[in-house]
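Student: You'll find structure_39.cif just under this line, and it carries mmCIF, C-alpha atoms.
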```cif
data_entry
#
loop_
_atom_site.label_atom_id
_atom_site.label_comp_id
_atom_site.auth_asym_id
_atom_site.auth_seq_id
_atom_site.Cartn_x
_atom_site.Cartn_y
_atom_site.Cartn_z
CA MET O 1 104.17 -118.14 -101.52
CA ARG O 2 102.01 -115.23 -100.54
CA PHE O 3 103.23 -111.86 -101.82
CA LEU O 4 100.99 -110.47 -99.10
CA VAL O 5 100.12 -107.38 -97.13
CA ARG O 6 98.35 -106.67 -93.88
CA SER O 7 95.06 -105.03 -92.94
CA VAL O 8 93.04 -106.65 -95.72
CA THR O 9 90.18 -109.08 -95.53
CA ALA O 10 90.84 -112.79 -95.23
CA ALA O 11 89.00 -113.30 -98.50
CA ALA O 12 91.26 -110.85 -100.31
CA VAL O 13 94.37 -112.48 -98.86
CA THR O 14 93.11 -115.92 -99.84
CA ALA O 15 92.46 -114.67 -103.36
CA LEU O 16 96.19 -114.06 -103.74
CA LEU O 17 97.07 -117.72 -103.26
CA VAL O 18 96.43 -120.54 -105.70
CA LEU O 19 96.76 -123.77 -103.81
CA ALA O 20 97.14 -126.20 -106.67
CA GLY O 21 99.28 -129.06 -107.88
CA ALA O 22 101.35 -131.65 -106.10
CA MET O 23 104.90 -132.77 -105.58
CA PRO O 24 106.48 -134.32 -108.66
CA ALA O 25 106.84 -138.07 -108.51
CA GLN O 26 110.64 -137.91 -108.54
CA ALA O 27 111.97 -134.58 -107.30
CA ALA O 28 115.73 -134.33 -107.69
CA ASN O 29 117.58 -134.30 -104.38
CA PRO O 30 120.67 -132.09 -104.43
CA PRO O 31 123.73 -132.78 -102.33
CA THR O 32 123.56 -130.46 -99.35
CA LYS O 33 125.76 -129.21 -96.55
CA PRO O 34 124.42 -129.03 -92.99
CA PRO O 35 124.67 -125.53 -91.53
CA VAL O 36 127.62 -124.91 -89.23
CA ALA O 37 127.30 -122.16 -86.66
CA GLY O 38 129.78 -119.36 -87.21
CA SER O 39 130.11 -115.73 -88.14
CA LEU O 40 130.35 -113.89 -91.43
CA GLY O 41 133.90 -113.25 -92.50
CA THR O 42 135.40 -110.84 -94.99
CA TYR O 43 136.40 -112.18 -98.41
CA ASN O 44 137.97 -110.99 -101.63
CA VAL O 45 134.67 -109.95 -103.23
CA SER O 46 134.91 -108.46 -106.70
CA SER O 47 131.23 -107.61 -107.29
CA VAL O 48 127.80 -107.89 -105.67
CA TYR O 49 124.48 -109.01 -107.19
CA VAL O 50 120.98 -109.64 -105.84
CA ALA O 51 118.25 -112.16 -106.62
CA GLY O 52 114.85 -112.78 -105.11
CA VAL O 53 111.35 -114.09 -105.56
CA SER O 54 108.01 -112.45 -104.73
CA SER O 55 108.54 -110.19 -101.69
CA GLY O 56 112.21 -111.16 -101.94
CA GLY O 57 112.13 -109.92 -105.52
CA ALA O 58 110.75 -106.60 -104.32
CA MET O 59 113.47 -106.36 -101.68
CA ALA O 60 116.11 -107.28 -104.26
CA THR O 61 114.91 -104.41 -106.45
CA GLN O 62 114.97 -102.03 -103.48
CA LEU O 63 118.55 -103.05 -102.71
CA HIS O 64 119.60 -102.76 -106.34
CA VAL O 65 118.09 -99.33 -106.92
CA ALA O 66 119.14 -97.86 -103.57
CA TYR O 67 122.71 -99.16 -103.85
CA SER O 68 123.27 -99.31 -107.61
CA SER O 69 126.83 -98.08 -107.16
CA ARG O 70 127.61 -101.26 -105.21
CA ILE O 71 125.17 -103.82 -106.63
CA GLN O 72 125.98 -104.68 -110.23
CA GLY O 73 122.82 -106.50 -111.34
CA ALA O 74 119.63 -108.26 -110.28
CA ALA O 75 117.54 -111.35 -110.99
CA ILE O 76 113.88 -110.91 -110.05
CA PHE O 77 111.21 -113.62 -109.99
CA ALA O 78 107.51 -112.73 -109.75
CA SER O 79 107.60 -109.15 -108.54
CA GLY O 80 106.72 -105.60 -109.56
CA PRO O 81 108.61 -102.33 -110.10
CA TYR O 82 110.51 -100.38 -107.48
CA TYR O 83 108.36 -98.69 -104.81
CA CYS O 84 105.25 -100.16 -106.40
CA ALA O 85 103.27 -100.21 -103.13
CA GLN O 86 104.05 -96.54 -102.39
CA ASN O 87 103.70 -97.21 -98.66
CA ASN O 88 100.07 -98.17 -99.16
CA VAL O 89 98.72 -101.60 -98.24
CA SER O 90 95.82 -101.44 -100.68
CA GLN O 91 98.07 -100.42 -103.55
CA ALA O 92 100.37 -103.31 -102.67
CA LEU O 93 97.49 -105.77 -102.89
CA TYR O 94 95.49 -104.43 -105.81
CA GLY O 95 98.17 -102.73 -107.91
CA CYS O 96 101.36 -104.69 -107.26
CA ALA O 97 100.07 -108.24 -106.94
CA ASP O 98 96.73 -108.12 -108.69
CA ASN O 99 96.27 -105.61 -111.50
CA VAL O 100 92.88 -104.21 -110.49
CA TRP O 101 94.71 -100.92 -109.99
CA PRO O 102 97.63 -99.65 -112.11
CA THR O 103 101.21 -99.64 -110.88
CA TYR O 104 101.48 -95.90 -111.65
CA LEU O 105 104.78 -96.65 -113.36
CA THR O 106 105.50 -93.07 -114.44
CA ASN O 107 105.16 -91.90 -110.85
CA LEU O 108 107.55 -94.62 -109.68
CA GLN O 109 110.13 -93.52 -112.24
CA THR O 110 109.72 -89.92 -111.09
CA TYR O 111 110.16 -90.88 -107.43
CA THR O 112 113.34 -92.73 -108.37
CA ARG O 113 114.87 -89.77 -110.18
CA THR O 114 113.86 -87.33 -107.44
CA TRP O 115 115.18 -89.48 -104.60
CA ALA O 116 118.48 -89.89 -106.42
CA THR O 117 118.87 -86.09 -106.52
CA TYR O 118 118.28 -86.04 -102.74
CA GLY O 119 120.93 -88.72 -102.23
CA TRP O 120 118.38 -91.09 -100.72
CA ILE O 121 119.34 -93.65 -103.36
CA ASP O 122 122.35 -93.90 -105.66
CA PRO O 123 122.41 -92.04 -109.02
CA VAL O 124 120.04 -93.59 -111.55
CA GLY O 125 122.77 -93.43 -114.19
CA ASN O 126 124.33 -96.46 -112.50
CA LEU O 127 121.45 -98.59 -113.82
CA SER O 128 122.24 -97.85 -117.44
CA GLY O 129 123.63 -100.94 -119.14
CA ARG O 130 123.42 -103.03 -115.97
CA PRO O 131 122.22 -106.64 -116.36
CA VAL O 132 118.75 -107.50 -115.08
CA TYR O 133 116.96 -110.84 -115.44
CA VAL O 134 113.19 -110.98 -114.88
CA PHE O 135 111.10 -114.17 -114.61
CA HIS O 136 107.33 -114.60 -114.66
CA GLY O 137 105.45 -117.88 -115.00
CA ASN O 138 102.18 -118.07 -116.93
CA GLY O 139 100.70 -120.11 -114.09
CA ASP O 140 101.32 -117.28 -111.62
CA THR O 141 98.04 -115.65 -110.65
CA THR O 142 99.44 -114.20 -107.41
CA VAL O 143 101.51 -111.55 -109.17
CA LYS O 144 99.89 -110.78 -112.51
CA LYS O 145 102.06 -110.67 -115.62
CA SER O 146 101.25 -107.01 -116.29
CA VAL O 147 102.87 -106.17 -112.93
CA ASN O 148 106.03 -108.05 -113.92
CA ASP O 149 105.87 -106.35 -117.33
CA ASP O 150 106.03 -103.00 -115.57
CA LEU O 151 109.13 -104.11 -113.67
CA VAL O 152 110.75 -104.72 -117.06
CA ARG O 153 109.59 -101.31 -118.31
CA TYR O 154 110.87 -99.65 -115.14
CA TYR O 155 114.39 -100.98 -115.62
CA GLN O 156 114.38 -100.33 -119.36
CA HIS O 157 113.39 -96.71 -118.68
CA PHE O 158 116.70 -96.27 -116.86
CA GLY O 159 118.69 -98.02 -119.56
CA ALA O 160 119.25 -101.39 -117.92
CA SER O 161 119.91 -104.42 -120.13
CA VAL O 162 116.91 -106.62 -119.35
CA GLN O 163 116.33 -110.29 -120.19
CA TYR O 164 112.68 -111.26 -119.67
CA ASP O 165 111.77 -114.93 -119.29
CA SER O 166 107.98 -115.11 -119.49
CA GLY O 167 107.43 -118.35 -121.39
CA SER O 168 107.30 -120.80 -118.49
CA SER O 169 104.09 -122.36 -117.17
CA ALA O 170 105.33 -121.85 -113.60
CA GLY O 171 103.12 -120.84 -110.74
CA HIS O 172 104.15 -118.28 -108.12
CA ALA O 173 107.50 -119.71 -107.10
CA TRP O 174 111.26 -119.84 -107.43
CA VAL O 175 111.88 -122.27 -110.29
CA SER O 176 114.74 -124.73 -109.85
CA PRO O 177 115.75 -128.19 -111.09
CA TYR O 178 115.58 -129.19 -107.42
CA GLY O 179 112.02 -127.93 -106.93
CA THR O 180 109.60 -130.21 -105.11
CA VAL O 181 106.39 -128.66 -106.47
CA SER O 182 104.92 -129.25 -109.93
CA CYS O 183 105.56 -126.44 -112.39
CA PRO O 184 102.14 -124.71 -112.63
CA ALA O 185 101.34 -124.97 -108.91
CA THR O 186 101.50 -122.36 -106.18
CA ALA O 187 102.18 -124.33 -103.02
CA SER O 188 104.71 -124.58 -100.18
CA PRO O 189 107.70 -124.53 -100.25
CA PHE O 190 107.25 -122.54 -103.49
CA LEU O 191 110.16 -124.26 -105.23
CA ASN O 192 108.90 -125.50 -108.60
CA ASP O 193 110.42 -127.98 -111.02
CA CYS O 194 109.66 -126.89 -114.59
CA GLY O 195 112.32 -128.98 -116.31
CA ALA O 196 114.45 -125.85 -116.75
CA ASP O 197 117.42 -124.17 -115.12
CA PRO O 198 116.72 -120.44 -114.80
CA GLN O 199 119.73 -120.08 -112.49
CA ASN O 200 122.00 -120.84 -115.43
CA ALA O 201 120.12 -118.25 -117.48
CA PHE O 202 120.24 -115.47 -114.94
CA LEU O 203 123.84 -116.08 -113.90
CA ARG O 204 124.87 -115.94 -117.57
CA LYS O 205 122.99 -112.64 -117.83
CA LEU O 206 124.56 -111.20 -114.69
CA PHE O 207 128.11 -112.51 -115.16
CA GLY O 208 128.37 -112.69 -118.95
CA SER O 209 129.28 -116.38 -118.82
CA VAL O 210 128.88 -119.15 -116.29
CA ASN O 211 130.38 -122.56 -115.65
CA GLY O 212 128.05 -125.52 -115.25
CA PRO O 213 126.93 -126.41 -111.72
CA ASN O 214 128.65 -128.81 -109.38
CA THR O 215 126.61 -132.02 -109.66
CA GLY O 216 128.59 -133.85 -106.99
CA ALA O 217 129.23 -133.25 -103.31
CA LEU O 218 129.37 -129.59 -102.35
CA GLY O 219 132.84 -128.37 -101.52
CA GLY O 220 132.07 -125.24 -99.51
CA ARG O 221 130.64 -124.42 -96.10
CA LEU O 222 127.10 -123.39 -95.19
CA ILE O 223 127.47 -120.95 -92.31
CA SER O 224 124.59 -120.10 -89.98
CA PHE O 225 125.15 -116.73 -88.36
CA SER O 226 123.40 -114.30 -86.04
CA GLN O 227 121.43 -111.64 -87.90
CA ASN O 228 121.29 -109.65 -84.63
CA THR O 229 124.92 -108.71 -85.27
CA PHE O 230 123.88 -106.81 -88.40
CA ALA O 231 120.41 -105.58 -87.42
CA VAL O 232 120.25 -101.79 -87.27
CA ASN O 233 118.50 -102.06 -83.90
CA GLY O 234 120.61 -105.00 -82.65
CA TYR O 235 117.53 -107.24 -82.60
CA ALA O 236 116.55 -108.90 -85.85
CA ASN O 237 113.18 -110.15 -84.58
CA GLY O 238 112.17 -106.53 -84.00
CA LEU O 239 112.66 -105.96 -87.75
CA SER O 240 110.59 -109.01 -88.71
CA MET O 241 113.82 -110.86 -89.47
CA GLY O 242 114.93 -114.19 -88.09
CA ALA O 243 117.69 -114.55 -85.52
CA THR O 244 119.67 -116.75 -87.93
CA GLY O 245 120.82 -116.15 -91.50
CA PHE O 246 122.90 -118.34 -93.81
CA ALA O 247 125.82 -117.94 -96.18
CA TYR O 248 127.30 -120.52 -98.52
CA VAL O 249 131.05 -119.97 -98.98
CA PRO O 250 132.95 -122.08 -101.56
CA ALA O 251 136.37 -123.38 -100.60
CA ALA O 252 138.04 -121.15 -103.21
CA CYS O 253 136.57 -118.05 -101.59
CA THR O 254 137.72 -119.16 -98.14
CA ALA O 255 141.21 -119.59 -99.63
CA GLY O 256 141.28 -115.96 -100.76
CA GLN O 257 140.37 -116.25 -104.42
CA SER O 258 138.45 -113.35 -105.95
CA CYS O 259 134.74 -114.16 -105.68
CA ARG O 260 131.41 -112.63 -106.54
CA LEU O 261 128.67 -112.23 -103.93
CA LEU O 262 125.02 -113.00 -104.62
CA VAL O 263 122.36 -111.95 -102.09
CA ALA O 264 119.48 -114.45 -102.46
CA LEU O 265 116.14 -113.43 -100.95
CA HIS O 266 113.36 -115.92 -100.30
CA GLY O 267 109.69 -115.08 -100.68
CA CYS O 268 106.76 -115.01 -98.25
CA LYS O 269 106.17 -118.24 -96.30
CA GLN O 270 109.57 -119.44 -97.52
CA SER O 271 111.91 -118.47 -94.69
CA TYR O 272 113.86 -120.83 -92.45
CA ALA O 273 111.10 -120.55 -89.87
CA ASP O 274 108.54 -121.73 -92.43
CA VAL O 275 110.33 -124.32 -94.59
CA GLY O 276 113.68 -124.93 -92.88
CA THR O 277 116.61 -124.83 -95.30
CA ALA O 278 114.50 -125.78 -98.34
CA PHE O 279 115.25 -122.53 -100.17
CA VAL O 280 118.91 -122.56 -99.15
CA ASP O 281 119.33 -126.18 -100.26
CA ARG O 282 117.13 -126.28 -103.36
CA ALA O 283 117.49 -122.84 -104.97
CA ASN O 284 120.24 -124.32 -107.21
CA LEU O 285 122.65 -121.59 -106.19
CA ASN O 286 125.16 -123.42 -104.01
CA GLN O 287 125.84 -125.77 -106.93
CA TYR O 288 126.76 -122.83 -109.16
CA ALA O 289 128.62 -121.15 -106.32
CA ASP O 290 131.15 -123.98 -106.17
CA THR O 291 132.05 -123.78 -109.86
CA ASN O 292 131.85 -120.01 -110.28
CA SER O 293 133.60 -118.68 -107.18
CA MET O 294 130.39 -117.15 -105.82
CA ILE O 295 129.42 -116.60 -102.21
CA VAL O 296 125.66 -116.80 -101.63
CA LEU O 297 124.11 -114.84 -98.76
CA TYR O 298 120.67 -115.97 -97.60
CA PRO O 299 119.15 -113.36 -95.24
CA GLN O 300 115.98 -114.48 -93.46
CA ALA O 301 112.70 -112.70 -92.82
CA LEU O 302 110.33 -113.78 -90.03
CA ALA O 303 106.57 -113.82 -89.51
CA THR O 304 105.41 -111.33 -86.87
CA ALA O 305 102.12 -109.69 -85.88
CA VAL O 306 102.55 -107.00 -88.55
CA ASN O 307 103.91 -109.47 -91.08
CA PRO O 308 102.10 -112.80 -90.56
CA ASN O 309 103.42 -114.39 -93.77
CA GLY O 310 107.09 -113.71 -93.21
CA CYS O 311 107.46 -111.36 -96.21
CA TRP O 312 110.16 -108.77 -96.75
CA ASP O 313 109.10 -105.17 -96.15
CA TRP O 314 108.08 -103.83 -99.55
CA TRP O 315 105.00 -101.88 -98.43
CA GLY O 316 106.04 -100.33 -95.09
CA TYR O 317 104.72 -102.81 -92.55
CA LEU O 318 107.43 -101.81 -90.04
CA GLY O 319 105.80 -98.39 -89.88
CA ALA O 320 108.58 -96.35 -91.48
CA THR O 321 108.34 -94.65 -94.87
CA ASN O 322 112.06 -95.06 -95.67
CA TYR O 323 111.84 -98.84 -96.21
CA PRO O 324 112.90 -98.69 -99.93
CA ILE O 325 115.79 -96.22 -99.59
CA LYS O 326 119.10 -95.93 -97.80
CA GLY O 327 118.45 -96.13 -94.09
CA GLY O 328 115.48 -98.50 -94.41
CA ALA O 329 115.68 -100.96 -91.51
CA GLN O 330 115.70 -104.26 -93.39
CA LEU O 331 117.58 -102.85 -96.36
CA GLU O 332 120.39 -101.52 -94.18
CA THR O 333 120.52 -104.71 -92.11
CA ILE O 334 121.12 -106.72 -95.27
CA MET O 335 123.65 -104.19 -96.51
CA ASN O 336 125.50 -104.52 -93.20
CA MET O 337 125.90 -108.22 -94.03
CA VAL O 338 127.15 -107.31 -97.50
CA ARG O 339 129.62 -104.81 -96.03
CA ARG O 340 131.02 -107.48 -93.74
CA LEU O 341 131.42 -110.00 -96.54
CA ASP O 342 133.02 -107.66 -99.08
CA GLY O 343 135.01 -105.57 -96.64
#
```
Go through the file and emit its structure as structure tokens.
Tutor:
Amino acid sequence: MRFLVRSVTAAAVTALLVLAGAMPAQAANPPTKPPVAGSLGTYNVSSVYVAGVSSGGAMATQLHVAYSSRIQGAAIFASGPYYCAQNNVSQALYGCADNVWPTYLTNLQTYTRTWATYGWIDPVGNLSGRPVYVFHGNGDTTVKKSVNDDLVRYYQHFGASVQYDSGSSAGHAWVSPYGTVSCPATASPFLNDCGADPQNAFLRKLFGSVNGPNTGALGGRLISFSQNTFAVNGYANGLSMGATGFAYVPAACTAGQSCRLLVALHGCKQSYADVGTAFVDRANLNQYADTNSMIVLYPQALATAVNPNGCWDWWGYLGATNYPIKGGAQLETIMNMVRRLDG
């Protein structure tokens, strides 16, 4: 998965990707539900959380920091601190993926506090005591560990309760028991099997406790819906987002039971347009959704001329400087989906 930027040389872009490893001999195949076309409904949502990997991790952090009054916690795989790119493509490449340049962490913390006083993001006091799970694999050379370390330091600076999982040999990927790529590799569809279940770990961190996953047939519905309905411009493709998003809704949530909502954000080259429903099916979230009364929202990015790898906007490729704060085009489009689901 390329945590990538534009306007850089092909050699520099290639340097961000380690194409190694192969599919495990016997990748576990989870029970899945075929998507059914529909629309997002409103449910009895008690709390909202975010999770993401690579550029999806950066977007998850942007959502969490901007809307900390609404979003209760975050799980971030292979990503750097909030506003790391500072609207600069070179900084994104050399300071927030590679560590040739620093992340300028103190500046990022200052921006956060200042923007909160302007009302551009929610008060930073909301982050104090909030659960955050951070994952970095030792095989990941796309986003260097020092960058992930600074994400941990960023959250700790604001008093968040951070759990840091940095002992895996994983490459640059979302790690799942249903991964189809060997643990240390960085290769499509960027779903790695490391013989571990980080979803159990991060859901325990976010929720306090978690029931084991459903290992049988899924009992909920996988809804495919129009992202145009929620796009701030009415046209998701114009925001480098796909026309279709997905949401997994357990039967208990459809029946009106109180449910949590998790926004799950794929990484670069991992959208529906790139890998079909691989992330939706194999992220190991729908299995936990069934047994923990948890709706999972899967927004979708899309490759475009300004975003050839289908990443989320964490460096300003849409041309606006407000991408990490309230009013940012992709951020608000996703929040419109959240608002529909939680009423």
Student: List as an mmCIF file with C-alpha atoms, keeping the file's coordinate frame the protein and nucleic acid residues near range 199-213 of chain O, meaning an atom at most 8 Å away when all atoms listed in the file are counted, but skip any in the same chain fewer than 6 places from it.
Tutor:
```
data_model
loop_
_atom_site.group_PDB
_atom_site.id
_atom_site.type_symbol
_atom_site.label_atom_id
_atom_site.label_comp_id
_atom_site.auth_asym_id
_atom_site.auth_seq_id
_atom_site.Cartn_x
_atom_site.Cartn_y
_atom_site.Cartn_z
ATOM 1 C CA TYR O 49 124.480 -109.010 -107.190
ATOM 2 C CA GLY O 73 122.820 -106.500 -111.340
ATOM 3 C CA ALA O 74 119.630 -108.260 -110.280
ATOM 4 C CA ALA O 75 117.540 -111.350 -110.990
ATOM 5 C CA PRO O 131 122.220 -106.640 -116.360
ATOM 6 C CA VAL O 132 118.750 -107.500 -115.080
ATOM 7 C CA TYR O 133 116.960 -110.840 -115.440
ATOM 8 C CA GLN O 163 116.330 -110.290 -120.190
ATOM 9 C CA SER O 176 114.740 -124.730 -109.850
ATOM 10 C CA ASN O 284 120.240 -124.320 -107.210
ATOM 11 C CA LEU O 285 122.650 -121.590 -106.190
ATOM 12 C CA GLN O 287 125.840 -125.770 -106.930
ATOM 13 C CA TYR O 288 126.760 -122.830 -109.160
ATOM 14 C CA ALA O 289 128.620 -121.150 -106.320
ATOM 15 C CA ASP O 290 131.150 -123.980 -106.170
ATOM 16 C CA THR O 291 132.050 -123.780 -109.860
ATOM 17 C CA ASN O 292 131.850 -120.010 -110.280
#
```
Student: Care to translate the PyMOL selection byres ((chain O and resi 120) around 10) into actual residues of this file, as a ChimeraX atom specification?
Tutor: /O:66-67,112,114-119,121-123,322,324-327
Student: Ranking O:Gln330, O:Gly216, O:Ser188, O:Gly129 by minimum distance to Gly234 in chain O and counting only C-alpha atoms, which one comes first?
Tutor: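 Between O:Gln330, O:Gly216, O:Ser188, O:Gly129, the residue approaching Gly234 in chain O most closely is O:Gln330.
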Student: Quick one, how far is CA of Ser166 in chain O from CA of Asn192 in chain O?
Tutor: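 Distance reported for this atom pair: 15.1 Å.
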Student: In Å, with one decimal, what is the gap from CA of Phe77 in chain O to CA of Asp281 in chain O?
Tutor: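 Atom-to-atom, CA of Phe77 in chain O and CA of Asp281 in chain O are spaced 17.8 Å apart.
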Student: If you apply the PyMOL selection byres ((chain O and resi 96) around 9) to this file, what residues do you get, as a list of chain:residue names?
Tutor: O:Ser79, O:Gly80, O:Pro81, O:Cys84, O:Ala85, O:Gln91, O:Ala92, O:Leu93, O:Tyr94, O:Gly95, O:Ala97, O:Asp98, O:Asn99, O:Trp101, O:Pro102, O:Thr103, O:Val143, O:Lys144, O:Val147, O:Asn148
Student: Output C-alpha atoms of each residue in that selection to a file, as an mmCIF file, in the frame of the given file.
Tutor:
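Wrote it out as part33.cif, contents follow:
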```cif
data_model
loop_
_atom_site.group_PDB
_atom_site.id
_atom_site.type_symbol
_atom_site.label_atom_id
_atom_site.label_comp_id
_atom_site.auth_asym_id
_atom_site.auth_seq_id
_atom_site.Cartn_x
_atom_site.Cartn_y
_atom_site.Cartn_z
ATOM 1 C CA SER O 79 107.600 -109.150 -108.540
ATOM 2 C CA GLY O 80 106.720 -105.600 -109.560
ATOM 3 C CA PRO O 81 108.610 -102.330 -110.100
ATOM 4 C CA CYS O 84 105.250 -100.160 -106.400
ATOM 5 C CA ALA O 85 103.270 -100.210 -103.130
ATOM 6 C CA GLN O 91 98.070 -100.420 -103.550
ATOM 7 C CA ALA O 92 100.370 -103.310 -102.670
ATOM 8 C CA LEU O 93 97.490 -105.770 -102.890
ATOM 9 C CA TYR O 94 95.490 -104.430 -105.810
ATOM 10 C CA GLY O 95 98.170 -102.730 -107.910
ATOM 11 C CA ALA O 97 100.070 -108.240 -106.940
ATOM 12 C CA ASP O 98 96.730 -108.120 -108.690
ATOM 13 C CA ASN O 99 96.270 -105.610 -111.500
ATOM 14 C CA TRP O 101 94.710 -100.920 -109.990
ATOM 15 C CA PRO O 102 97.630 -99.650 -112.110
ATOM 16 C CA THR O 103 101.210 -99.640 -110.880
ATOM 17 C CA VAL O 143 101.510 -111.550 -109.170
ATOM 18 C CA LYS O 144 99.890 -110.780 -112.510
ATOM 19 C CA VAL O 147 102.870 -106.170 -112.930
ATOM 20 C CA ASN O 148 106.030 -108.050 -113.920
#
```
Student: So, counting only C-alpha atoms, which residue among O:Met335, O:Leu302, O:Ala283, O:Leu105 is closest to Val175 in chain O?
Tutor: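 Using only C-alpha atoms, the shortest distance to Val175 in chain O belongs to O:Ala283.
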Student: Evaluate the PyMOL selection byres ((chain O and resi 189) around 12) and record the selected residues as a ChimeraX atom specification, following the chain and residue labels used in the document.
Tutor: /O:1-2,19,22-23,172-176,178-182,185-188,190-193,266-283
Student: Quick one, how far is CA of Gly328 in chain O from CA of Ser240 in chain O?
Tutor: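 Interatomic distance, CA of Gly328 in chain O to CA of Ser240 in chain O: 12.9 Å.
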Student: Anything within 10 Å of (113.5, -111.6, -89.4): list those residues as a compact mmCIF listing (two decimals) with C-alpha atoms, in the coordinates of the input, counting all atoms listed in the file and sticking to the file's coordinates.
Tutor:
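Result file is part-v7.txt:
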```
# COMPACT_ATOMS: atom_id res chain seq x y z
CA GLN O 227 121.43 -111.64 -87.90
CA ASN O 228 121.29 -109.65 -84.63
CA ALA O 231 120.41 -105.58 -87.42
CA TYR O 235 117.53 -107.24 -82.60
CA ALA O 236 116.55 -108.90 -85.85
CA ASN O 237 113.18 -110.15 -84.58
CA GLY O 238 112.17 -106.53 -84.00
CA LEU O 239 112.66 -105.96 -87.75
CA SER O 240 110.59 -109.01 -88.71
CA MET O 241 113.82 -110.86 -89.47
CA GLY O 242 114.93 -114.19 -88.09
CA ALA O 243 117.69 -114.55 -85.52
CA THR O 244 119.67 -116.75 -87.93
CA GLY O 245 120.82 -116.15 -91.50
CA SER O 271 111.91 -118.47 -94.69
CA TYR O 272 113.86 -120.83 -92.45
CA ALA O 273 111.10 -120.55 -89.87
CA PRO O 299 119.15 -113.36 -95.24
CA GLN O 300 115.98 -114.48 -93.46
CA ALA O 301 112.70 -112.70 -92.82
CA LEU O 302 110.33 -113.78 -90.03
CA ALA O 303 106.57 -113.82 -89.51
CA THR O 304 105.41 -111.33 -86.87
CA ASN O 307 103.91 -109.47 -91.08
CA GLY O 310 107.09 -113.71 -93.21
CA CYS O 311 107.46 -111.36 -96.21
CA TRP O 312 110.16 -108.77 -96.75
CA GLN O 330 115.70 -104.26 -93.39
```
Student: Which residues come within 8 Å of Pro250 in chain O, counting all atoms listed in the file, excluding same-chain residues fewer than 2 positions away, as a list in words?
Tutor: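 Using all atoms listed in the file, the neighbours found are Gly219, Gly220, Arg221, Tyr248, Ala252, Cys253, Thr254, Ala289, Asp290, Ser293, Met294 and Ile295 of chain O.
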Student: As AutoDock Vina command-line options, what would the box around range 271-279 of chain O look like: edges along x, y and z, 5 Å added on every side, centre and edge lengths in Å to one decimal?
Tutor:
```
--center_x 112.6 --center_y -122.1 --center_z -95.0 --size_x 18.1 --size_y 17.3 --size_z 20.3
```
Student: Which one is closest to Leu331 in chain O: O:Ser54, O:Thr42, O:Leu265, O:Tyr104? Count all atoms listed in the file.
Tutor: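 Checking each candidate against Leu331 in chain O, we get O:Leu265 as the closest.
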Student: Find the spatial neighbours of range 30-40 of chain O, counting only C-alpha atoms, within a cut-off of 8 Å - ignore same-chain residues fewer than 6 positions away - and output them as a PyMOL selection string.
Tutor: chain O and resi 178+215-218+221-226+246-247+281-282+337+340-341
Student: Restrict the selected residues to C-alpha atoms and save them as a PDB file, keeping the file's coordinate frame.
Tutor:
```pdb
ATOM      1  CA  TYR O 178     115.580-129.190-107.420  1.00  0.00           C
ATOM      2  CA  THR O 215     126.610-132.020-109.660  1.00  0.00           C
ATOM      3  CA  GLY O 216     128.590-133.850-106.990  1.00  0.00           C
ATOM      4  CA  ALA O 217     129.230-133.250-103.310  1.00  0.00           C
ATOM      5  CA  LEU O 218     129.370-129.590-102.350  1.00  0.00           C
ATOM      6  CA  ARG O 221     130.640-124.420 -96.100  1.00  0.00           C
ATOM      7  CA  LEU O 222     127.100-123.390 -95.190  1.00  0.00           C
ATOM      8  CA  ILE O 223     127.470-120.950 -92.310  1.00  0.00           C
ATOM      9  CA  SER O 224     124.590-120.100 -89.980  1.00  0.00           C
ATOM     10  CA  PHE O 225     125.150-116.730 -88.360  1.00  0.00           C
ATOM     11  CA  SER O 226     123.400-114.300 -86.040  1.00  0.00           C
ATOM     12  CA  PHE O 246     122.900-118.340 -93.810  1.00  0.00           C
ATOM     13  CA  ALA O 247     125.820-117.940 -96.180  1.00  0.00           C
ATOM     14  CA  ASP O 281     119.330-126.180-100.260  1.00  0.00           C
ATOM     15  CA  ARG O 282     117.130-126.280-103.360  1.00  0.00           C
ATOM     16  CA  MET O 337     125.900-108.220 -94.030  1.00  0.00           C
ATOM     17  CA  ARG O 340     131.020-107.480 -93.740  1.00  0.00           C
ATOM     18  CA  LEU O 341     131.420-110.000 -96.540  1.00  0.00           C
TER      19      LEU O 341
END
```
Student: Would you please work out which residue, of O:Leu63, O:Val134, O:Cys194, O:Val48, is nearest to Asp165 in chain O when using all atoms listed in the file?
Tutor: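 Checking each of O:Leu63, O:Val134, O:Cys194, O:Val48 against Asp165 in chain O, counting all atoms listed in the file, the winner is O:Val134.
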Student: Taking into account all atoms listed in the file, which residue in the set O:Val249, O:Val306, O:Ala28, O:Met59 is nearest to Ile334 in chain O?
Tutor: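 Nearest candidate to Ile334 in chain O out of O:Val249, O:Val306, O:Ala28, O:Met59: O:Met59.
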